[in-house]
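K.L.:
Here's a structure for you.
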Amino acid sequence: MPIELYRDKHHACLMFCDLIEEDGQAVQANQFLIVDGDTGAIIDPGGNLAFNELFMGMVRHFAPAKLSYVIASHADPDIIASLDRWMSSTKASLVISRVWERFVPHFAKVGKTDERIIGVPDAGGRLPLGRNELLLLPAHFLHSEGNFHFYDPVSRILFTGDLGASMVTGAQASVPVTDLGPHIAHMEGFHRRYMVSNKILRLWLHMARQLDIAMIVPQHGAPIQGRPAIEAFFDWLETLACGIDLFDQRAYQQSNAVIDPISRLTRAPLRAVNG
């Protein structure tokens, strides 16, 4: 069952957080449905692992024939690998960065995406949705080269893709975080590896702090809700060393470690023993 993030008489935001089996084979991921009147959009619909359950879950709340957009923050498989099935089962257009406009057709059969991709320029823009609109906000290199976040002015929810992601279960993802301190342990490793640099975080923060945000909702893990938790999240990002901040020459050298194709483990190379 989806989590209702927001609802009024004309507008609703739903989150699906438990569509992937938690068997360790695939990372937990959230998918989102936004409805405004008789217009709807799916944000970050995911891969084939999530498609059937997401489609059936959407049917209970919104007619697929009326879906206007499939919106992708970037082009990772857990974001948009189900594209072919969405292009087949709805008349929706795909909204994605121009950086990925000519790459995502590889996820679909020939011709399925013809005249159905809305390429978003680097600066972003405003996307009409029913009687309202979504703000498409630049989030480049957080973590993808062409990356966008989506702000819904009605619900005051900022959908942030991989930024704010936490490595938790689907059940844990269903409970909004209101005290950031204990939650950082679930976010830190991911952000240090996947976010490109502190410089980019600070540029993004300058923009994000100008928005009236009630909830930050990432594509993995739990939403961050309420001004105290959101401000604490912003303060944490402000000084976070990540990505290229942490790399030096040691990360770029030839390795002699052996990758065992049977065990799928990596072991140190054997060394000669002096007689």
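Naming scheme: A, B, ... for chains in displayed order of the structure tokens; residues 1 onward per chain; ligands 1 onward as shown.
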Name the residues of region 101-269 of chain A that come out as helix (DSSP H, G or I) in a backbone DSSP run; write them as an MDAnalysis selection string.

P.N.:
chainID A and resid 104:107 170:173 180:194 198:208 227:238 243:246 249:251

K.L.:
Check which residues of region 219-257 of chain A sit at most 12 Å from region 171-185 of chain A using only C-alpha atoms, and return one row each with the closest pair of atoms and their distance in Å to one decimal, ordered by chain and rising number, as JSON lines.

P.N.:
{"residue": "A:Gln219", "atom": "CA", "partner": "A:Ala173", "partner_atom": "CA", "distance": 9.9}
{"residue": "A:His220", "atom": "CA", "partner": "A:Ala173", "partner_atom": "CA", "distance": 7.7}
{"residue": "A:Gly221", "atom": "CA", "partner": "A:Ala173", "partner_atom": "CA", "distance": 4.5}
{"residue": "A:Ala222", "atom": "CA", "partner": "A:Ala173", "partner_atom": "CA", "distance": 3.9}
{"residue": "A:Pro223", "atom": "CA", "partner": "A:Pro176", "partner_atom": "CA", "distance": 4.8}
{"residue": "A:Ile224", "atom": "CA", "partner": "A:Val177", "partner_atom": "CA", "distance": 4.8}
{"residue": "A:Gln225", "atom": "CA", "partner": "A:Thr178", "partner_atom": "CA", "distance": 5.4}
{"residue": "A:Gly226", "atom": "CA", "partner": "A:Thr178", "partner_atom": "CA", "distance": 6.3}
{"residue": "A:Arg227", "atom": "CA", "partner": "A:Thr178", "partner_atom": "CA", "distance": 8.7}
{"residue": "A:Pro228", "atom": "CA", "partner": "A:Thr178", "partner_atom": "CA", "distance": 7.4}
{"residue": "A:Ala229", "atom": "CA", "partner": "A:Thr178", "partner_atom": "CA", "distance": 5.3}
{"residue": "A:Ile230", "atom": "CA", "partner": "A:Leu180", "partner_atom": "CA", "distance": 8.0}
{"residue": "A:Glu231", "atom": "CA", "partner": "A:Leu180", "partner_atom": "CA", "distance": 9.3}
{"residue": "A:Ala232", "atom": "CA", "partner": "A:Leu180", "partner_atom": "CA", "distance": 6.5}
{"residue": "A:Phe233", "atom": "CA", "partner": "A:Leu180", "partner_atom": "CA", "distance": 6.7}
{"residue": "A:Phe234", "atom": "CA", "partner": "A:Leu180", "partner_atom": "CA", "distance": 10.4}
{"residue": "A:Asp235", "atom": "CA", "partner": "A:Leu180", "partner_atom": "CA", "distance": 10.6}
{"residue": "A:Trp236", "atom": "CA", "partner": "A:Ile184", "partner_atom": "CA", "distance": 8.7}
{"residue": "A:Leu237", "atom": "CA", "partner": "A:Ile184", "partner_atom": "CA", "distance": 10.6}
{"residue": "A:Leu240", "atom": "CA", "partner": "A:Ile184", "partner_atom": "CA", "distance": 11.5}

K.L.:
Could you save those same residues with N, CA, C and O atoms as a tab-separated table (two decimals), in the first residue's frame?

P.N.:
chain	number	residue	atom	x	y	z
A	219	GLN	N	14.80	9.11	-3.28
A	219	GLN	CA	14.38	7.92	-4.01
A	219	GLN	C	14.75	6.63	-3.28
A	219	GLN	O	14.24	5.56	-3.63
A	220	HIS	N	15.61	6.72	-2.29
A	220	HIS	CA	15.93	5.57	-1.43
A	220	HIS	C	15.74	6.01	0.02
A	220	HIS	O	16.22	7.08	0.42
A	221	GLY	N	15.06	5.19	0.81
A	221	GLY	CA	14.99	5.45	2.24
A	221	GLY	C	13.87	6.38	2.66
A	221	GLY	O	12.92	6.65	1.93
A	222	ALA	N	14.01	6.90	3.87
A	222	ALA	CA	12.93	7.62	4.54
A	222	ALA	C	12.89	9.10	4.19
A	222	ALA	O	13.93	9.74	4.01
A	223	PRO	N	11.68	9.69	4.12
A	223	PRO	CA	11.55	11.14	3.98
A	223	PRO	C	12.09	11.86	5.21
A	223	PRO	O	12.13	11.31	6.31
A	224	ILE	N	12.50	13.10	5.01
A	224	ILE	CA	12.96	13.97	6.09
A	224	ILE	C	11.90	15.06	6.23
A	224	ILE	O	11.65	15.83	5.30
A	225	GLN	N	11.26	15.12	7.40
A	225	GLN	CA	10.07	15.95	7.58
A	225	GLN	C	10.25	16.98	8.69
A	225	GLN	O	10.81	16.68	9.73
A	226	GLY	N	9.76	18.20	8.43
A	226	GLY	CA	9.76	19.26	9.44
A	226	GLY	C	11.00	20.14	9.34
A	226	GLY	O	12.09	19.67	8.99
A	227	ARG	N	10.85	21.41	9.67
A	227	ARG	CA	11.96	22.35	9.53
A	227	ARG	C	13.19	21.97	10.34
A	227	ARG	O	14.32	22.10	9.84
A	228	PRO	N	13.06	21.52	11.62
A	228	PRO	CA	14.28	21.18	12.36
A	228	PRO	C	15.12	20.11	11.67
A	228	PRO	O	16.35	20.25	11.56
A	229	ALA	N	14.48	19.04	11.21
A	229	ALA	CA	15.22	17.96	10.55
A	229	ALA	C	15.77	18.41	9.21
A	229	ALA	O	16.90	18.06	8.83
A	230	ILE	N	15.00	19.20	8.46
A	230	ILE	CA	15.46	19.68	7.16
A	230	ILE	C	16.65	20.62	7.32
A	230	ILE	O	17.65	20.52	6.59
A	231	GLU	N	16.58	21.53	8.27
A	231	GLU	CA	17.71	22.44	8.52
A	231	GLU	C	18.94	21.67	8.97
A	231	GLU	O	20.07	21.99	8.58
A	232	ALA	N	18.74	20.65	9.80
A	232	ALA	CA	19.87	19.82	10.24
A	232	ALA	C	20.48	19.08	9.06
A	232	ALA	O	21.71	18.93	8.97
A	233	PHE	N	19.66	18.62	8.13
A	233	PHE	CA	20.15	17.96	6.92
A	233	PHE	C	20.97	18.94	6.08
A	233	PHE	O	22.07	18.61	5.62
A	234	PHE	N	20.46	20.14	5.90
A	234	PHE	CA	21.20	21.15	5.15
A	234	PHE	C	22.54	21.47	5.82
A	234	PHE	O	23.57	21.57	5.15
A	235	ASP	N	22.53	21.61	7.13
A	235	ASP	CA	23.78	21.91	7.86
A	235	ASP	C	24.78	20.77	7.72
A	235	ASP	O	26.00	21.00	7.62
A	236	TRP	N	24.29	19.53	7.72
A	236	TRP	CA	25.17	18.37	7.57
A	236	TRP	C	25.82	18.37	6.18
A	236	TRP	O	27.04	18.15	6.04
A	237	LEU	N	25.02	18.64	5.14
A	237	LEU	CA	25.56	18.68	3.79
A	237	LEU	C	26.58	19.80	3.60
A	237	LEU	O	27.53	19.66	2.83
A	240	LEU	N	30.00	18.46	4.41
A	240	LEU	CA	30.28	17.06	4.10
A	240	LEU	C	31.33	16.93	3.00
A	240	LEU	O	31.12	17.39	1.88

K.L.:
Pull the strand (DSSP E or B) assignments for region 4-196 of chain A out of DSSP run on the backbone, and list those residues as a PyMOL selection string.

P.N.:
chain A and resi 4-7+11-16+31-36+39-43+67-71+93-97+117-120+125-129+132-138+148-152+157-159+177

K.L.:
Quick one: distance from CA of Pro121 (chain A) to CA of Tyr151 (chain A) in Å, one decimal?

P.N.:
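It comes out at 16.4 Å.
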
K.L.:
Choose the residue, out of A:Gln249, A:Asn198, A:Ser97, A:Thr169, that has the smallest atom-to-atom separation from Ala26 (chain A); count only C-alpha atoms.

P.N.:
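Selected residue with least distance to Ala26 (chain A): A:Thr169.
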
K.L.:
List as a tab-separated table every residue of region 132-205 of chain A that is in contact with region 42-47 of chain A, defined as an atom at most 9 Å from one of its atoms (using only C-alpha atoms), together with the nearest atom pair and the distance in Å rounded to one decimal, sorted by chain and then rising number.

P.N.:
residue	atom	partner	partner_atom	distance
A:Phe150	CA	A:Ile43	CA	8.7
A:Phe159	CA	A:Ile43	CA	8.5
A:Gly161	CA	A:Asp44	CA	7.8

K.L.:
Using only N, CA and C atoms, please write the residues we just selected to a file, as a tab-separated table (two decimals), in the first residue's frame.

P.N.:
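This went into out.tsv:
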chain	number	residue	atom	x	y	z
A	150	PHE	N	12.58	17.74	-7.97
A	150	PHE	CA	11.24	18.18	-8.32
A	150	PHE	C	10.54	18.73	-7.09
A	159	PHE	N	11.26	16.44	-4.01
A	159	PHE	CA	11.68	15.09	-4.36
A	159	PHE	C	13.12	15.17	-4.86
A	161	GLY	N	15.62	12.60	-5.52
A	161	GLY	CA	16.40	11.52	-6.12
A	161	GLY	C	17.35	10.89	-5.12

K.L.:
I'd like to know which of A:Phe148, A:Ser255, A:Gly189, A:Ala139 is closest to Arg267 (chain A), using only C-alpha atoms.

P.N.:
A:Ser255

K.L.:
Between CA of Leu83 (chain A) and CA of Met195 (chain A), what is the spacing in Å?

P.N.:
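Computing the Euclidean distance for CA of Met195 (chain A) and CA of Leu83 (chain A) yields 25.0 Å.
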
K.L.:
From the set A:Pro261, A:His11, A:Val27, A:Arg202, which residue has the shortest atom-to-atom contact distance to Val168 (chain A), counting only C-alpha atoms?

P.N.:
A:Val27

K.L.:
Set the distance at 8 Å and use only C-alpha atoms: which residues neighbour Gly124 (chain A) once local chain neighbours fewer than 5 positions away are removed? I'd like the list as a ChimeraX atom specification.

P.N.:
/A:135-138,148

K.L.:
Using the selection just defined, write its residues with N, CA, C and O atoms as a short mmCIF file (atom, residue, chain, number, x, y, z; two decimals), in the first residue's frame.

P.N.:
data_model
loop_
_atom_site.label_atom_id
_atom_site.label_comp_id
_atom_site.auth_asym_id
_atom_site.auth_seq_id
_atom_site.Cartn_x
_atom_site.Cartn_y
_atom_site.Cartn_z
N LEU A 135 8.19 22.35 -10.16
CA LEU A 135 9.45 23.04 -10.46
C LEU A 135 10.53 21.99 -10.67
O LEU A 135 10.75 21.12 -9.81
N LEU A 136 11.16 22.04 -11.84
CA LEU A 136 12.27 21.14 -12.16
C LEU A 136 13.56 21.88 -11.83
O LEU A 136 13.94 22.83 -12.51
N LEU A 137 14.22 21.44 -10.77
CA LEU A 137 15.35 22.18 -10.20
C LEU A 137 16.68 21.51 -10.54
O LEU A 137 16.84 20.30 -10.33
N PRO A 138 17.68 22.26 -10.99
CA PRO A 138 18.98 21.68 -11.30
C PRO A 138 19.60 21.01 -10.07
O PRO A 138 19.63 21.60 -8.98
N PHE A 148 17.96 16.18 -11.94
CA PHE A 148 17.00 17.18 -11.50
C PHE A 148 16.27 16.73 -10.25
O PHE A 148 16.08 15.53 -10.02
#

K.L.:
For a quick check of understanding, using only C-alpha atoms, which of A:Met58, A:Ser68, A:Asp76, A:Ile157 has the smallest distance to Ile118 (chain A)?

P.N.:
A:Ser68

K.L.:
Calculate how many Å separate CA of Asp260 (chain A) from CA of Ile244 (chain A), rounding to one decimal.

P.N.:
29.0 Å

K.L.:
Give the answer as one residue: which of A:Asp152, A:Asp212, A:Asp162, A:Asp245 has the shortest atom-to-atom distance to Ile200 (chain A), using only C-alpha atoms?

P.N.:
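That would be A:Asp245, the residue with the smallest distance to Ile200 (chain A).
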
K.L.:
Pick from A:Gly37, A:Trp204, A:Leu49, A:Pro77: nearest to Ala63 (chain A), with only C-alpha atoms counted?

P.N.:
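Ranking A:Gly37, A:Trp204, A:Leu49, A:Pro77 by distance to Ala63 (chain A), first place goes to A:Gly37.
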
K.L.:
For His106 (chain A), please output as a ChimeraX atom specification all residues within 12 Å (counting only C-alpha atoms; exclusion window: fewer than 2 positions along the same chain).

P.N.:
/A:75,77,80-84,100-104,108-113

K.L.:
Need to verify the contact set: Arg116 (chain A), 9 Å, only C-alpha atoms, exclusion of same-chain residues closer than 6 positions in sequence. Can you return it as a list in words?

P.N.:
Met87, Lys91, Ala92, Ser93, Leu94 and Val95 of chain A
